[in-house]
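Structure file structure.cif with mmCIF, C-alpha atoms:
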data_coords
#
loop_
_atom_site.group_PDB
_atom_site.id
_atom_site.type_symbol
_atom_site.label_atom_id
_atom_site.label_comp_id
_atom_site.auth_asym_id
_atom_site.auth_seq_id
_atom_site.Cartn_x
_atom_site.Cartn_y
_atom_site.Cartn_z
ATOM 1 C CA MET T 1 -2.491 3.074 5.138
ATOM 2 C CA LYS T 2 0.107 1.789 7.595
ATOM 3 C CA ALA T 3 -1.695 3.406 10.531
ATOM 4 C CA TRP T 4 -5.048 1.922 9.446
ATOM 5 C CA LEU T 5 -3.613 -1.576 9.108
ATOM 6 C CA SER T 6 -1.721 -1.293 12.392
ATOM 7 C CA GLN T 7 -4.802 -0.013 14.213
ATOM 8 C CA LYS T 8 -6.703 -3.080 13.042
ATOM 9 C CA GLN T 9 -3.731 -5.285 13.994
ATOM 10 C CA ILE T 10 -3.354 -6.553 10.435
ATOM 11 C CA PRO T 11 0.188 -7.659 9.617
ATOM 12 C CA PHE T 12 1.656 -6.226 6.436
ATOM 13 C CA THR T 13 4.855 -5.933 4.474
ATOM 14 C CA GLU T 14 5.830 -2.447 3.397
ATOM 15 C CA LYS T 15 7.783 -1.969 0.184
ATOM 16 C CA ASN T 16 9.313 1.442 -0.444
ATOM 17 C CA VAL T 17 9.518 2.037 -4.197
ATOM 18 C CA ARG T 18 11.693 5.125 -3.672
ATOM 19 C CA GLU T 19 14.419 3.146 -1.921
ATOM 20 C CA ASP T 20 13.998 -0.367 -3.339
ATOM 21 C CA GLN T 21 14.458 -0.808 -7.089
ATOM 22 C CA ALA T 22 13.058 -4.358 -6.945
ATOM 23 C CA ALA T 23 9.866 -3.034 -5.328
ATOM 24 C CA LEU T 24 9.551 -0.367 -8.045
ATOM 25 C CA ASP T 25 10.077 -2.999 -10.739
ATOM 26 C CA GLU T 26 7.383 -5.179 -9.124
ATOM 27 C CA LEU T 27 4.962 -2.245 -9.062
ATOM 28 C CA LYS T 28 5.581 -1.551 -12.741
ATOM 29 C CA ARG T 29 5.176 -5.246 -13.668
ATOM 30 C CA MET T 30 1.731 -5.114 -12.051
ATOM 31 C CA GLY T 31 0.919 -2.191 -14.367
ATOM 32 C CA PHE T 32 0.967 0.595 -11.783
ATOM 33 C CA ASN T 33 2.928 3.838 -11.647
ATOM 34 C CA SER T 34 1.669 5.275 -8.376
ATOM 35 C CA VAL T 35 1.263 4.189 -4.779
ATOM 36 C CA PRO T 36 -0.217 2.981 -2.558
ATOM 37 C CA VAL T 37 -1.080 -0.339 -4.111
ATOM 38 C CA THR T 38 -2.173 -3.002 -1.654
ATOM 39 C CA VAL T 39 -2.291 -6.680 -2.611
ATOM 40 C CA ILE T 40 -4.560 -8.885 -0.493
ATOM 41 C CA ASN T 41 -5.032 -12.504 -1.556
ATOM 42 C CA GLY T 42 -4.093 -11.541 -5.109
ATOM 43 C CA GLN T 43 -6.552 -8.638 -5.237
ATOM 44 C CA ARG T 44 -4.891 -5.307 -6.059
ATOM 45 C CA ILE T 45 -6.321 -2.185 -4.473
ATOM 46 C CA VAL T 46 -5.113 1.219 -5.636
ATOM 47 C CA GLY T 47 -5.181 4.085 -3.170
ATOM 48 C CA PHE T 48 -6.510 4.095 0.357
ATOM 49 C CA ASP T 49 -10.016 2.724 -0.182
ATOM 50 C CA GLN T 50 -11.110 1.514 3.244
ATOM 51 C CA GLU T 51 -14.237 -0.172 1.906
ATOM 52 C CA GLN T 52 -12.322 -2.206 -0.690
ATOM 53 C CA LEU T 53 -9.608 -3.051 1.832
ATOM 54 C CA ALA T 54 -12.193 -4.294 4.351
ATOM 55 C CA LYS T 55 -13.908 -6.407 1.669
ATOM 56 C CA ALA T 56 -10.626 -7.956 0.552
ATOM 57 C CA LEU T 57 -9.627 -8.718 4.134
ATOM 58 C CA ALA T 58 -13.003 -10.341 4.837
ATOM 59 C CA SER T 59 -12.684 -12.802 1.962
#
Once more with this new file: its structure as structure tokens, please.
Amino acid sequence: MKAWLSQKQIPFTEKNVREDQAALDELKRMGFNSVPVTVINGQRIVGFDQEQLAKALAS
């Protein structure tokens, strides 16, 4: 995920749920228990779905 975003020169904020309890709490509040979860303009994308990521970035 990070490599894909970096390659496309898309800025992002990484949150490590293993090291950051607040990030884990945020993930759980969103209703997720696994990663990656990417939030783009309020849209939540689970997993590394390039097609969905590209669509969300285009809107």
* Using only C-alpha atoms, determine which residues lie at most 12 Å from range 5-14 of chain T, disregarding the query and same-chain residues fewer than 2 positions distant; provide the list as number ranges by chain. => T: 1-3, 16-20, 23, 35-40, 48, 50, 53-54, 57-58
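Across the model, the gap from CA of Arg29 in chain T to CA of Gln43 in chain T is 14.8 Å.
CA of Glu51 in chain T is found 20.5 Å from CA of Phe32 in chain T.
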* In Å to one decimal, how far is CA of Gly31 in chain T from CA of Lys15 in chain T? ->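 So the answer is 16.1 Å.
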